[in-house]
Each structure stands twice: as C-alpha cells, then as structure tokens.
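Below: protein-v5.cif (mmCIF, C-alpha atoms and all ligand atoms)
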```cif
data_entry
loop_
_atom_site.label_atom_id
_atom_site.label_comp_id
_atom_site.auth_asym_id
_atom_site.auth_seq_id
_atom_site.Cartn_x
_atom_site.Cartn_y
_atom_site.Cartn_z
CA MET A 1441 23.06 19.97 15.20
CA ARG A 1442 25.36 17.10 14.34
CA TYR A 1443 24.58 14.62 11.57
CA ARG A 1444 25.63 11.03 10.89
CA ARG A 1445 25.24 8.84 7.87
CA LEU A 1446 22.71 6.06 8.39
CA GLY A 1447 24.74 2.93 7.59
CA GLN A 1448 25.48 2.74 3.88
CA THR A 1449 22.54 4.89 2.82
CA ASP A 1450 22.93 8.47 1.64
CA LEU A 1451 20.76 9.69 4.50
CA GLU A 1452 22.59 12.15 6.78
CA VAL A 1453 20.37 12.01 9.84
CA SER A 1454 20.49 14.38 12.79
CA VAL A 1455 21.94 12.64 15.86
CA LEU A 1456 18.83 13.76 17.72
CA GLY A 1457 15.72 12.38 16.05
CA PHE A 1458 12.05 13.27 16.57
CA GLY A 1459 9.99 10.30 17.77
CA ALA A 1460 6.45 11.15 16.74
CA SER A 1461 4.54 8.52 18.73
CA PRO A 1462 3.49 11.08 21.41
CA LEU A 1463 1.66 13.03 18.66
CA GLY A 1464 -0.76 10.08 18.61
CA ASN A 1465 -1.65 10.56 22.32
CA VAL A 1466 0.33 7.42 23.14
CA PHE A 1467 1.71 8.76 26.44
CA SER A 1468 -0.97 11.37 27.22
CA VAL A 1469 -3.43 13.56 25.37
CA VAL A 1470 -1.43 16.23 23.56
CA ASP A 1471 -2.41 19.51 21.95
CA PRO A 1472 -2.06 19.06 18.17
CA VAL A 1473 -1.32 22.76 17.60
CA GLU A 1474 1.54 22.59 20.10
CA GLY A 1475 2.68 19.34 18.47
CA THR A 1476 2.88 21.09 15.10
CA ARG A 1477 4.83 23.94 16.70
CA ALA A 1478 7.30 21.40 18.13
CA VAL A 1479 7.75 19.78 14.71
CA HIS A 1480 8.40 23.17 13.07
CA ARG A 1481 10.78 24.32 15.80
CA ALA A 1482 12.63 21.01 15.51
CA ILE A 1483 13.15 21.49 11.76
CA ASP A 1484 14.21 25.10 12.30
CA SER A 1485 16.79 23.80 14.84
CA GLY A 1486 18.32 21.44 12.29
CA LEU A 1487 16.65 18.25 13.46
CA ASN A 1488 15.82 16.37 10.26
CA PHE A 1489 14.96 12.78 11.23
CA PHE A 1490 11.33 11.96 12.05
CA ASP A 1491 10.00 8.52 12.95
CA VAL A 1492 6.37 7.44 13.10
CA SER A 1493 4.13 4.39 12.55
CA PRO A 1494 0.50 3.68 11.63
CA TYR A 1495 0.34 1.89 15.01
CA TYR A 1496 0.86 5.05 17.07
CA GLY A 1497 -2.53 6.26 18.26
CA LEU A 1498 -4.49 4.22 15.70
CA THR A 1499 -2.91 6.27 12.85
CA LEU A 1500 -3.34 9.61 14.67
CA ALA A 1501 0.43 10.22 14.92
CA GLU A 1502 0.88 9.76 11.15
CA GLN A 1503 -2.06 12.08 10.44
CA ARG A 1504 -0.74 14.80 12.74
CA LEU A 1505 2.85 14.50 11.55
CA GLY A 1506 1.65 14.59 7.92
CA THR A 1507 -0.29 17.78 8.62
CA ALA A 1508 2.66 19.36 10.43
CA LEU A 1509 4.99 18.55 7.54
CA VAL A 1510 2.90 20.24 4.85
CA GLY A 1511 5.30 22.57 3.04
CA ARG A 1512 8.30 21.14 4.97
CA ARG A 1513 8.46 17.57 3.65
CA LYS A 1514 11.63 18.14 1.62
CA GLU A 1515 13.50 19.38 4.70
CA VAL A 1516 13.14 16.10 6.58
CA ILE A 1517 14.13 12.44 6.45
CA LEU A 1518 10.86 10.66 7.10
CA ALA A 1519 10.61 7.13 8.48
CA THR A 1520 7.46 5.13 9.06
CA LYS A 1521 6.68 1.46 9.64
CA CYS A 1522 4.48 -1.40 8.52
CA GLY A 1523 3.20 -4.71 9.88
CA ARG A 1524 1.80 -3.42 13.20
CA TYR A 1525 -1.61 -1.77 13.17
CA GLY A 1526 -4.72 -1.09 15.24
CA THR A 1527 -4.50 -1.64 18.98
CA ASP A 1528 -2.11 -4.61 18.69
CA ASP A 1529 -2.62 -6.33 15.34
CA PHE A 1530 0.31 -7.78 13.45
CA ASP A 1531 0.18 -8.68 9.79
CA PHE A 1532 3.45 -9.08 7.93
CA SER A 1533 1.91 -10.41 4.70
CA ALA A 1534 3.01 -8.73 1.48
CA ARG A 1535 -0.57 -7.72 0.57
CA THR A 1536 -1.14 -5.91 3.88
CA ILE A 1537 2.28 -4.25 3.73
CA VAL A 1538 1.64 -2.86 0.24
CA ASP A 1539 -1.85 -1.57 1.09
CA GLY A 1540 -0.65 -0.29 4.46
CA VAL A 1541 2.11 1.80 2.93
CA ASP A 1542 -0.29 3.49 0.52
CA ALA A 1543 -2.50 4.41 3.50
CA SER A 1544 0.53 5.73 5.43
CA LEU A 1545 1.60 7.86 2.46
CA ARG A 1546 -1.89 9.37 2.23
CA ARG A 1547 -1.84 10.25 5.94
CA LEU A 1548 1.68 11.61 5.71
CA LYS A 1549 0.68 13.66 2.65
CA THR A 1550 3.67 12.52 0.63
CA ASP A 1551 4.34 10.08 -2.20
CA TYR A 1552 7.41 8.46 -0.63
CA VAL A 1553 9.12 7.92 2.69
CA ASP A 1554 12.86 7.84 3.17
CA LEU A 1555 12.81 4.76 5.37
CA LEU A 1556 10.17 2.05 5.65
CA GLN A 1557 10.64 -0.31 8.59
CA VAL A 1558 9.06 -3.63 9.51
CA HIS A 1559 7.55 -2.82 12.91
CA ASP A 1560 8.53 -5.11 15.80
CA VAL A 1561 9.87 -8.16 14.00
CA GLU A 1562 9.73 -10.37 17.11
CA PHE A 1563 5.94 -10.50 16.68
CA GLY A 1564 6.26 -12.23 13.33
CA SER A 1565 8.05 -15.34 12.16
CA VAL A 1566 11.60 -14.72 11.04
CA ASP A 1567 10.89 -16.95 8.04
CA GLN A 1568 7.93 -14.86 6.82
CA ILE A 1569 9.71 -11.57 7.42
CA VAL A 1570 12.76 -12.74 5.47
CA THR A 1571 10.97 -14.48 2.58
CA GLU A 1572 7.82 -12.35 2.20
CA THR A 1573 7.82 -9.08 4.14
CA LEU A 1574 11.28 -7.71 3.36
CA PRO A 1575 11.03 -8.69 -0.35
CA ALA A 1576 7.73 -6.71 -0.44
CA LEU A 1577 9.55 -3.72 1.05
CA ARG A 1578 12.30 -4.04 -1.56
CA ASP A 1579 9.60 -4.03 -4.27
CA LEU A 1580 8.17 -0.85 -2.72
CA GLN A 1581 11.68 0.59 -2.82
CA LYS A 1582 11.91 -0.21 -6.56
CA ALA A 1583 8.50 1.42 -7.03
CA GLY A 1584 9.87 4.62 -5.41
CA LYS A 1585 7.61 4.51 -2.37
CA THR A 1586 10.51 4.24 0.05
CA ARG A 1587 14.15 5.10 -0.37
CA TYR A 1588 15.45 2.55 2.16
CA VAL A 1589 14.31 -0.47 4.13
CA GLY A 1590 14.77 -1.31 7.81
CA ILE A 1591 13.52 -3.37 10.74
CA THR A 1592 12.58 -2.43 14.29
CA GLY A 1593 11.99 -4.30 17.52
CA TYR A 1594 12.78 -4.93 21.17
CA SER A 1595 14.34 -8.38 20.91
CA LEU A 1596 17.98 -7.89 19.95
CA GLU A 1597 18.25 -11.59 19.21
CA THR A 1598 15.42 -11.48 16.64
CA LEU A 1599 16.67 -8.27 15.05
CA ILE A 1600 20.09 -9.84 14.51
CA ALA A 1601 18.64 -13.19 13.32
CA THR A 1602 16.48 -11.35 10.77
CA ALA A 1603 19.18 -9.02 9.45
CA ASP A 1604 21.56 -11.96 9.24
CA LEU A 1605 19.25 -13.64 6.71
CA ALA A 1606 18.03 -10.65 4.69
CA PRO A 1607 19.92 -7.42 4.01
CA VAL A 1608 18.45 -4.33 5.64
CA ASP A 1609 19.61 -0.71 5.55
CA SER A 1610 18.83 0.08 9.17
CA ILE A 1611 17.92 -1.48 12.50
CA LEU A 1612 15.97 0.38 15.20
CA SER A 1613 15.96 -1.05 18.70
CA TYR A 1614 14.24 0.55 21.66
CA CYS A 1615 14.77 0.57 25.43
CA ARG A 1616 18.02 -1.41 24.98
CA TYR A 1617 20.50 1.43 25.35
CA ASN A 1618 19.83 4.09 27.94
CA LEU A 1619 20.50 4.71 31.64
CA MET A 1620 18.25 1.75 32.58
CA VAL A 1621 19.31 -0.95 30.12
CA ARG A 1622 22.62 -1.05 28.29
CA ASP A 1623 22.83 -4.34 26.42
CA MET A 1624 22.41 -3.07 22.85
CA ASP A 1625 26.11 -2.33 22.58
CA GLN A 1626 27.04 -5.89 23.63
CA CYS A 1627 25.60 -7.54 20.50
CA LEU A 1628 23.57 -5.33 18.17
CA THR A 1629 26.05 -2.45 17.92
CA PRO A 1630 28.97 -4.66 16.79
CA PHE A 1631 26.66 -6.60 14.44
CA ALA A 1632 25.42 -3.39 12.79
CA LYS A 1633 28.96 -2.06 12.52
CA GLU A 1634 30.34 -5.25 10.94
CA ASN A 1635 27.51 -5.35 8.42
CA GLY A 1636 27.39 -1.64 7.57
CA ILE A 1637 23.81 -1.33 8.84
CA GLY A 1638 22.57 2.01 10.17
CA LEU A 1639 21.73 1.86 13.88
CA ILE A 1640 18.86 3.83 15.40
CA ASN A 1641 18.44 3.93 19.19
CA ALA A 1642 14.88 4.66 20.32
CA SER A 1643 13.39 5.46 23.72
CA PRO A 1644 16.36 7.11 25.47
CA LEU A 1645 13.96 7.99 28.32
CA HIS A 1646 12.94 4.33 28.62
CA MET A 1647 9.47 5.23 27.33
CA GLY A 1648 8.90 7.78 30.07
CA VAL A 1649 10.59 6.09 33.06
CA LEU A 1650 13.42 8.63 32.78
CA SER A 1651 11.23 11.60 31.89
CA SER A 1652 10.43 12.64 35.51
CA GLY A 1653 6.77 12.70 34.49
CA GLU A 1654 3.82 10.33 34.47
CA ILE A 1655 4.62 6.79 33.36
CA PRO A 1656 1.91 5.36 31.08
CA THR A 1657 -0.08 2.47 32.57
CA TRP A 1658 0.76 0.26 29.56
CA HIS A 1659 4.49 0.48 30.31
CA PRO A 1660 5.90 -3.08 30.34
CA ALA A 1661 8.66 -2.50 32.94
CA ALA A 1662 8.19 -3.73 36.50
CA PRO A 1663 7.17 -1.21 39.23
CA GLU A 1664 10.71 -1.50 40.69
CA VAL A 1665 12.04 -0.04 37.43
CA TRP A 1666 9.60 2.89 37.66
CA ALA A 1667 10.75 3.46 41.25
CA ALA A 1668 14.39 3.38 40.12
CA GLY A 1669 13.53 6.09 37.57
CA ARG A 1670 12.11 8.25 40.34
CA ARG A 1671 15.31 7.78 42.40
CA ALA A 1672 17.35 8.85 39.37
CA ALA A 1673 15.25 12.03 39.09
CA VAL A 1674 15.95 12.88 42.76
CA ILE A 1675 19.70 12.44 42.23
CA CYS A 1676 19.66 14.72 39.19
CA LYS A 1677 17.73 17.36 41.11
CA ALA A 1678 20.34 17.26 43.87
CA HIS A 1679 22.96 18.04 41.20
CA GLY A 1680 20.84 20.89 39.82
CA LEU A 1681 20.13 18.85 36.70
CA ARG A 1682 17.04 17.45 35.00
CA LEU A 1683 16.86 13.70 34.44
CA PRO A 1684 15.59 13.79 30.82
CA GLU A 1685 18.55 15.93 29.75
CA VAL A 1686 21.10 13.70 31.53
CA ALA A 1687 19.47 10.53 30.20
CA LEU A 1688 19.37 11.81 26.64
CA ARG A 1689 22.95 13.08 26.75
CA PHE A 1690 24.07 9.62 27.89
CA CYS A 1691 22.53 8.10 24.73
CA LEU A 1692 23.80 10.84 22.43
CA SER A 1693 27.37 10.07 23.50
CA GLU A 1694 27.25 6.63 21.81
CA PRO A 1695 29.06 7.21 18.48
CA SER A 1696 27.86 4.01 16.78
CA VAL A 1697 24.28 5.20 16.82
CA ALA A 1698 23.29 7.27 13.79
CA SER A 1699 20.29 8.84 15.51
CA THR A 1700 18.71 8.70 18.95
CA LEU A 1701 14.94 9.01 18.74
CA VAL A 1702 13.20 10.75 21.62
CA GLY A 1703 9.42 11.05 21.74
CA MET A 1704 8.33 14.69 21.86
CA SER A 1705 5.15 16.73 21.51
CA THR A 1706 5.90 20.21 22.89
CA VAL A 1707 8.32 23.04 22.18
CA GLU A 1708 9.43 22.96 25.83
CA GLN A 1709 10.48 19.30 25.55
CA LEU A 1710 12.22 19.98 22.27
CA GLU A 1711 14.21 22.88 23.75
CA GLU A 1712 15.26 20.76 26.73
CA ASN A 1713 16.23 17.85 24.49
CA LEU A 1714 18.30 20.13 22.27
CA ARG A 1715 20.26 21.15 25.38
CA ALA A 1716 21.35 17.53 25.73
CA LEU A 1717 23.50 18.09 22.62
CA GLU A 1718 25.66 20.50 24.59
CA PRO A 1719 28.75 18.92 26.16
CA SER A 1720 28.71 18.33 29.92
CA ASP A 1721 30.65 16.05 32.21
CA ASP A 1722 27.92 13.90 33.73
CA THR A 1723 30.30 11.17 34.97
CA ASN A 1724 29.55 11.62 38.67
CA VAL A 1725 25.80 11.94 38.36
CA ILE A 1726 25.63 8.90 36.05
CA ARG A 1727 27.70 6.88 38.52
CA GLU A 1728 25.28 7.82 41.32
CA ILE A 1729 22.27 7.04 39.15
CA THR A 1730 23.69 3.64 38.21
CA THR A 1731 24.21 2.81 41.89
CA ALA A 1732 20.70 3.99 42.76
CA ILE A 1733 19.14 1.94 39.95
CA GLY A 1734 20.77 -1.10 41.60
CA SER A 1735 19.18 -4.43 40.72
CA SER A 1736 16.77 -2.77 38.25
CA LEU A 1737 19.69 -2.08 35.91
CA ASN A 1738 19.50 -4.08 32.68
CA TYR A 1739 16.08 -5.49 33.46
CA VAL A 1740 14.42 -6.60 30.22
CA TRP A 1741 10.84 -7.77 29.71
CA PRO A 1742 9.49 -10.49 27.42
CA SER A 1743 8.33 -9.31 24.01
CA GLY A 1744 7.11 -11.10 20.93
CA ILE A 1745 5.82 -14.51 20.00
CA ILE A 1746 7.10 -17.62 21.74
CA ASN A 1747 9.51 -18.83 19.05
CA SER A 1748 11.52 -15.63 18.98
CA VAL A 1749 11.29 -14.34 22.49
CA GLU A 1750 14.29 -13.62 24.65
CA PRO A 1751 14.23 -14.53 28.30
CA SER A 1752 13.19 -11.67 30.56
CA GLY A 1753 14.98 -10.61 33.70
CA ARG A 1754 18.37 -9.12 34.22
CA VAL A 1755 20.97 -9.29 31.48
CA GLU A 1756 24.68 -9.15 32.19
CA THR A 1757 26.57 -6.27 30.58
CA HIS A 1758 29.94 -4.67 31.12
CA ASP A 1759 28.99 -1.49 32.89
CA ARG A 1760 30.55 1.46 31.11
CA SER A 1761 29.37 4.23 33.41
P1 LIG B 1 11.08 7.98 25.02
O1 LIG B 1 12.02 7.24 25.85
O2 LIG B 1 11.61 8.88 23.98
O3 LIG B 1 10.12 8.77 26.02
C1 LIG B 1 9.04 9.52 25.55
C2 LIG B 1 8.33 10.15 26.75
O4 LIG B 1 9.19 11.12 27.35
C3 LIG B 1 7.06 10.91 26.35
O5 LIG B 1 6.13 10.84 27.40
C4 LIG B 1 7.56 12.33 26.20
O6 LIG B 1 6.52 13.25 26.38
C5 LIG B 1 8.56 12.40 27.32
N1 LIG B 1 9.61 13.42 27.12
C6 LIG B 1 10.37 13.65 26.03
N2 LIG B 1 11.23 14.65 26.24
C7 LIG B 1 10.99 15.10 27.51
C8 LIG B 1 11.56 16.11 28.31
N3 LIG B 1 12.54 16.88 27.87
N4 LIG B 1 11.08 16.26 29.58
C9 LIG B 1 10.10 15.48 30.06
N5 LIG B 1 9.53 14.50 29.35
C10 LIG B 1 9.97 14.31 28.07
O7 LIG B 1 10.10 6.90 24.38
P2 LIG B 1 9.42 6.74 22.96
O8 LIG B 1 8.66 7.95 22.57
O9 LIG B 1 8.73 5.44 23.00
O10 LIG B 1 10.65 6.55 21.95
C11 LIG B 1 11.04 7.53 21.04
C12 LIG B 1 10.56 7.23 19.63
O11 LIG B 1 11.22 6.05 19.14
C13 LIG B 1 9.07 6.92 19.49
O12 LIG B 1 8.31 8.09 19.48
C14 LIG B 1 9.08 6.16 18.19
O13 LIG B 1 9.18 7.06 17.10
C15 LIG B 1 10.37 5.33 18.29
N6 LIG B 1 10.12 3.98 18.85
C16 LIG B 1 10.00 2.94 17.99
C17 LIG B 1 9.73 1.68 18.48
C18 LIG B 1 9.58 0.53 17.52
O14 LIG B 1 9.77 0.71 16.32
N7 LIG B 1 9.25 -0.65 17.96
C19 LIG B 1 9.56 1.46 19.84
C20 LIG B 1 9.73 2.54 20.70
C21 LIG B 1 10.01 3.80 20.19
#
```
Would it be possible to restate this file's structure as structure tokens?
Amino acid sequence: MRYRRLGQTDLEVSVLGFGASPLGNVFSVVDPVEGTRAVHRAIDSGLNFFDVSPYYGLTLAEQRLGTALVGRRKEVILATKCGRYGTDDFDFSARTIVDGVDASLRRLKTDYVDLLQVHDVEFGSVDQIVTETLPALRDLQKAGKTRYVGITGYSLETLIATADLAPVDSILSYCRYNLMVRDMDQCLTPFAKENGIGLINASPLHMGVLSSGEIPTWHPAAPEVWAAGRRAAVICKAHGLRLPEVALRFCLSEPSVASTLVGMSTVEQLEENLRALEPSDDTNVIREITTAIGSSLNYVWPSGIINSVEPSGRVETHDRS
C-alpha cells in the first residue's frame, strides 16, 4: 500500500480508501458478515482510510462499519459526515450538526473521528456553511470529537467558493475525476494544491457505471452514460481486462489526490481493487474507452439548490488520456 499526507494534516492516508456507503445497502442488499470480512481484509492489506456518513442507508452503513471496526479502531483513519440525513434531508444548523455527530460516534462505537465533513455543501447556502456550520465543526474539533474538518460535494464551483471563505483541511468531490468525467483537475485540483488542502476523489467507478454490474435506479447520469459504461466494459474484456480495475487504476495515477475512495462490500471486490495498485500500461485501452464514451465524456448533472448549482451538460476539459 502507498500512503499520502492529507493536505496539511498529520493523517497519512492510504491512496486506496474504503468507501463504506455500500455497507448501508445503497447499491444493493449486501451481506453484513461479508462486509465485515471486507473491512478486516482491507485493514490487513494496509488500507487505513474509511469514509462513511449517517446518510448512507439511513445510518445502516455507520452502524455496520462501527461494528466491523470493534477492536480495530486505532488502526484506521475514520471519516464521517454531517448535514445530510434520512432519505434526503439537509440541515446544516449548528444544533443539528452537534447532535448528529454524537449519534454518529455512538453508531461508530468511538469517541472521535479523524475527519468530519460537511456532506454535500451545494445543498446548503454557502453563507450558512461558512458562518455557522464550519465554525460548529471547529468547535467539535476543539472538543476532541474530530481531529480535522472537511467538506464534500458534487459541485466543484460550490466546493471552491466555500473553501475560499472558510479554511478546511480537506475537500472530497465525487464523480468529477474518473474515466467518465475529468474536470476536477481543471479547477479543484489546482485550488486544493495552492491552498494546502487535502484532496479526496470519490466514486472512481462513477457510482457503479464503471463497475460492469447493475447500475442503481437512483443513479443521476443519463441512460447514454450508462450505455457508454457498458461499451467500456466490452473494450476491457477484449483486452483481457476488467473495467473496474482499469477505471480505478486511472484514478490512482493522479498524484494530487491523497486518497481515492471506492465503495466496497465484499472481499472479492477488495482483492480486485487492490490489484489496481499494481502498475500496468493501460494507455491503449484507455484511449479506446475514451473514444467509445464519445459524447458522454464529461457529462455532468445538476446537483444542489438553485443558488449554487452548476449548469449540467458537457464540460470542456483538456483530455489527458
Ligand atoms: P464507486 O464509484 O466507488 O462505485 C461503487 C459501486 O461499485 C458499488 O456498487 C460497488 O459494489 C461496486 N464495486 C466496487 N468495486 C468493484 C469491483 N472491483 N468490481 C465490481 N464492482 C465493484 O461509488 P461510491 O461508492 O459512491 O463512491 C465511493 C465512496 O466515496 C462512497 O462509498 C462514499 O464513501 C464516498 N462518496 C462520498 C460522496 C459525498 O460525500 N457526497 C459522494 C459519493 C461517494
């Protein structure tokens, strides 16, 4: 395993991180015993960064991860989130954040997390997040309930606008840097670098589009994007490769990212994802995939409340494949 420092924190996170949302049955119903096995095998393999949220599976993912980490808590860097709860309820008020963190800590069976993140900032007002939410997180940091403070979201514009106004230790963006969409490195990556903020890249499989498996019905991408994912899988197969491994390796090769979070719930997935750490020259297959994705490349969807939303549709990037 390779490790990178998360921004200016003292957290040395594994470049491959464990996204725990699947443990909450977010993508499909998973076996909790197998999920625990995957968590343990991940730790035994040197993977130390785990990310979860009370939102995933109506708190189920936090409960299951907390149970799996009993006796192993000190071996991991644990991140959770606040501000997004229930099926789709947002509340970024200080009161809810403080109560919500105590509930998360109970479920995670620990008295602190290493990173507490405001979940999906584009669903709040930048003003409230800067003047109320993040100060509440800093108070929780002083109280020892979290070691560091971060923000997460889909809208790169809102993530940057927020971090520009209030210092944060890390920024997590999802579905903005993988084989399907590659605009994170146009704006967020240089911003994070200039400001010494740790960068976390989530959803390297585009939330299942690049997993070769079932795509969840809630997935926000257009059907053309799903179809492009299936074409990419066929190309990989023709090369004797598996799409998830190629897609993950593509993300892991971005040196500005401290950790790439992939959602996992089985030992088999973990083993395959660990193989993506091994070097391989995927240049030709990635070129073919990029051609096959065609006009679905860099297709982004609307996310968040009206005053902070980015336009959807195709974004222009300099193709690096
Ligand atoms: P992902 O792109 O990592 O895809 C996950 C899907 O791929 C799941 O269905 C999983 O079972 C499947 N998968 C994983 N490895 C596989 C393999 N080797 N073969 C076949 N299928 C495989 O999407 P994600 O889970 O949404 O993102 C990763 C993590 O990032 C999340 O679990 C979460 O912790 C974090 N995240 C955070 C935010 C946020 O804060 N707003 C948003 C998205 C993701």
Can you list, as a PyMOL selection string, every protein, DNA or RNA residue that comes within 7 Å of range 1728-1738 of chain A when you count all atoms listed in the file, leaving out same-chain residues fewer than 5 positions away? chain A and resi 1620-1622+1664-1665+1668+1671-1672+1675+1754-1755
Just want the 7 Å neighbourhood of range 1596-1603 of chain A, counted on all atoms listed in the file, with same-chain residues fewer than 6 positions away dropped. Output as a list in words. Val1561, Glu1562, Val1566, Val1570, Leu1628 and Ser1748 of chain A
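Between CA of Asn1713 in chain A and CA of Glu1694 in chain A there is a distance of 16.0 Å.
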Closest atom pairs, residues of chain A within 7 Å of ligand LIG 1 (chain B), all atoms listed in the file, as a tab-separated table:
```
residue	atom	partner	partner_atom	distance
A:Phe1458	CA	B:LIG1	O13	6.9
A:Gly1459	CA	B:LIG1	O12	3.3
A:Ala1460	CA	B:LIG1	O12	4.5
A:Ser1461	CA	B:LIG1	O12	3.9
A:Pro1462	CA	B:LIG1	O12	6.0
A:Phe1467	CA	B:LIG1	O5	5.0
A:Asp1491	CA	B:LIG1	O13	4.5
A:Val1492	CA	B:LIG1	O13	4.9
A:His1559	CA	B:LIG1	O14	5.4
A:Asp1560	CA	B:LIG1	N7	5.0
A:Thr1592	CA	B:LIG1	O14	4.7
A:Gly1593	CA	B:LIG1	N7	4.6
A:Tyr1594	CA	B:LIG1	N7	6.4
A:Leu1612	CA	B:LIG1	O14	6.3
A:Ser1613	CA	B:LIG1	C18	6.7
A:Tyr1614	CA	B:LIG1	C20	5.0
A:Ala1642	CA	B:LIG1	O11	4.1
A:Ser1643	CA	B:LIG1	O1	3.1
A:Pro1644	CA	B:LIG1	O1	4.4
A:Leu1645	CA	B:LIG1	O1	3.2
A:His1646	CA	B:LIG1	O1	4.1
A:Met1647	CA	B:LIG1	O7	3.4
A:Gly1648	CA	B:LIG1	C2	4.1
A:Ser1651	CA	B:LIG1	N5	4.2
A:Ser1652	CA	B:LIG1	C9	6.2
A:Gly1653	CA	B:LIG1	N5	6.1
A:Pro1684	CA	B:LIG1	N3	5.2
A:Glu1685	CA	B:LIG1	N3	6.4
A:Leu1701	CA	B:LIG1	C11	4.8
A:Val1702	CA	B:LIG1	O2	3.4
A:Gly1703	CA	B:LIG1	O8	3.3
A:Met1704	CA	B:LIG1	C6	4.8
A:Ser1705	CA	B:LIG1	O6	6.1
A:Gln1709	CA	B:LIG1	N3	3.9
A:Leu1710	CA	B:LIG1	N3	6.4
A:Glu1712	CA	B:LIG1	N3	4.9
A:Asn1713	CA	B:LIG1	N3	5.1
```
Centre and edge lengths of an axis-aligned box around all listed atoms of range 1708-1713 of chain A, with 3 Å added on each side, are to be given in Å to one decimal, as JSON.
```
{"center_x": 12.8, "center_y": 20.4, "center_z": 24.5, "size_x": 12.8, "size_y": 11.1, "size_z": 10.5}
```
May I have the residues within 9 Å of Gly1590 in chain A as a list of chain:residue names, using all atoms listed in the file and disregarding those fewer than 6 positions away in the same chain? A:Lys1521, A:Leu1555, A:Leu1556, A:Gln1557, A:Val1558, A:His1559, A:Leu1574, A:Leu1577, A:Pro1607, A:Val1608, A:Asp1609, A:Ser1610, A:Ile1611, A:Leu1612, A:Gly1638
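The spacing separating CA of Phe1690 in chain A from CA of Ile1517 in chain A amounts to 23.8 Å.
Between CA of Ser1454 in chain A and CA of Cys1691 in chain A the interatomic distance comes to 13.6 Å.
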Arg1512 in chain A environment, 10 Å, only C-alpha atoms, sequence neighbours closer than 5 positions dropped, as a compact mmCIF listing (two decimals) with C-alpha atoms, keeping the file's coordinate frame:
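Saved as result.txt:
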```txt
# COMPACT_ATOMS: atom_id res chain seq x y z
CA VAL A 1479 7.75 19.78 14.71
CA HIS A 1480 8.40 23.17 13.07
CA ILE A 1483 13.15 21.49 11.76
CA GLY A 1506 1.65 14.59 7.92
CA THR A 1507 -0.29 17.78 8.62
```
Residues at most 8 Å from range 1714-1723 of chain A, counting all atoms listed in the file, excluding those fewer than 4 positions away in the same chain, as number ranges by chain? A: 1441, 1456, 1685-1686, 1688-1689, 1692, 1710, 1727, 1761
Residue subset to file, keeping C-alpha atoms, as a PDB file, in the coordinates of the input:
```pdb
ATOM      1  CA  MET A1441      23.060  19.970  15.200  1.00  0.00           C
ATOM      2  CA  LEU A1456      18.830  13.760  17.720  1.00  0.00           C
ATOM      3  CA  GLU A1685      18.550  15.930  29.750  1.00  0.00           C
ATOM      4  CA  VAL A1686      21.100  13.700  31.530  1.00  0.00           C
ATOM      5  CA  LEU A1688      19.370  11.810  26.640  1.00  0.00           C
ATOM      6  CA  ARG A1689      22.950  13.080  26.750  1.00  0.00           C
ATOM      7  CA  LEU A1692      23.800  10.840  22.430  1.00  0.00           C
ATOM      8  CA  LEU A1710      12.220  19.980  22.270  1.00  0.00           C
ATOM      9  CA  ARG A1727      27.700   6.880  38.520  1.00  0.00           C
ATOM     10  CA  SER A1761      29.370   4.230  33.410  1.00  0.00           C
TER      11      SER A1761
END
```
Which residues, protein or nucleic acid, reach to within 7 Å of (23.9, 2.6, 20.3) in the file's coordinates when using all atoms listed in the file, and can you give that as a PyMOL selection string? chain A and resi 1617+1624-1625+1629+1639+1641+1694+1696-1697
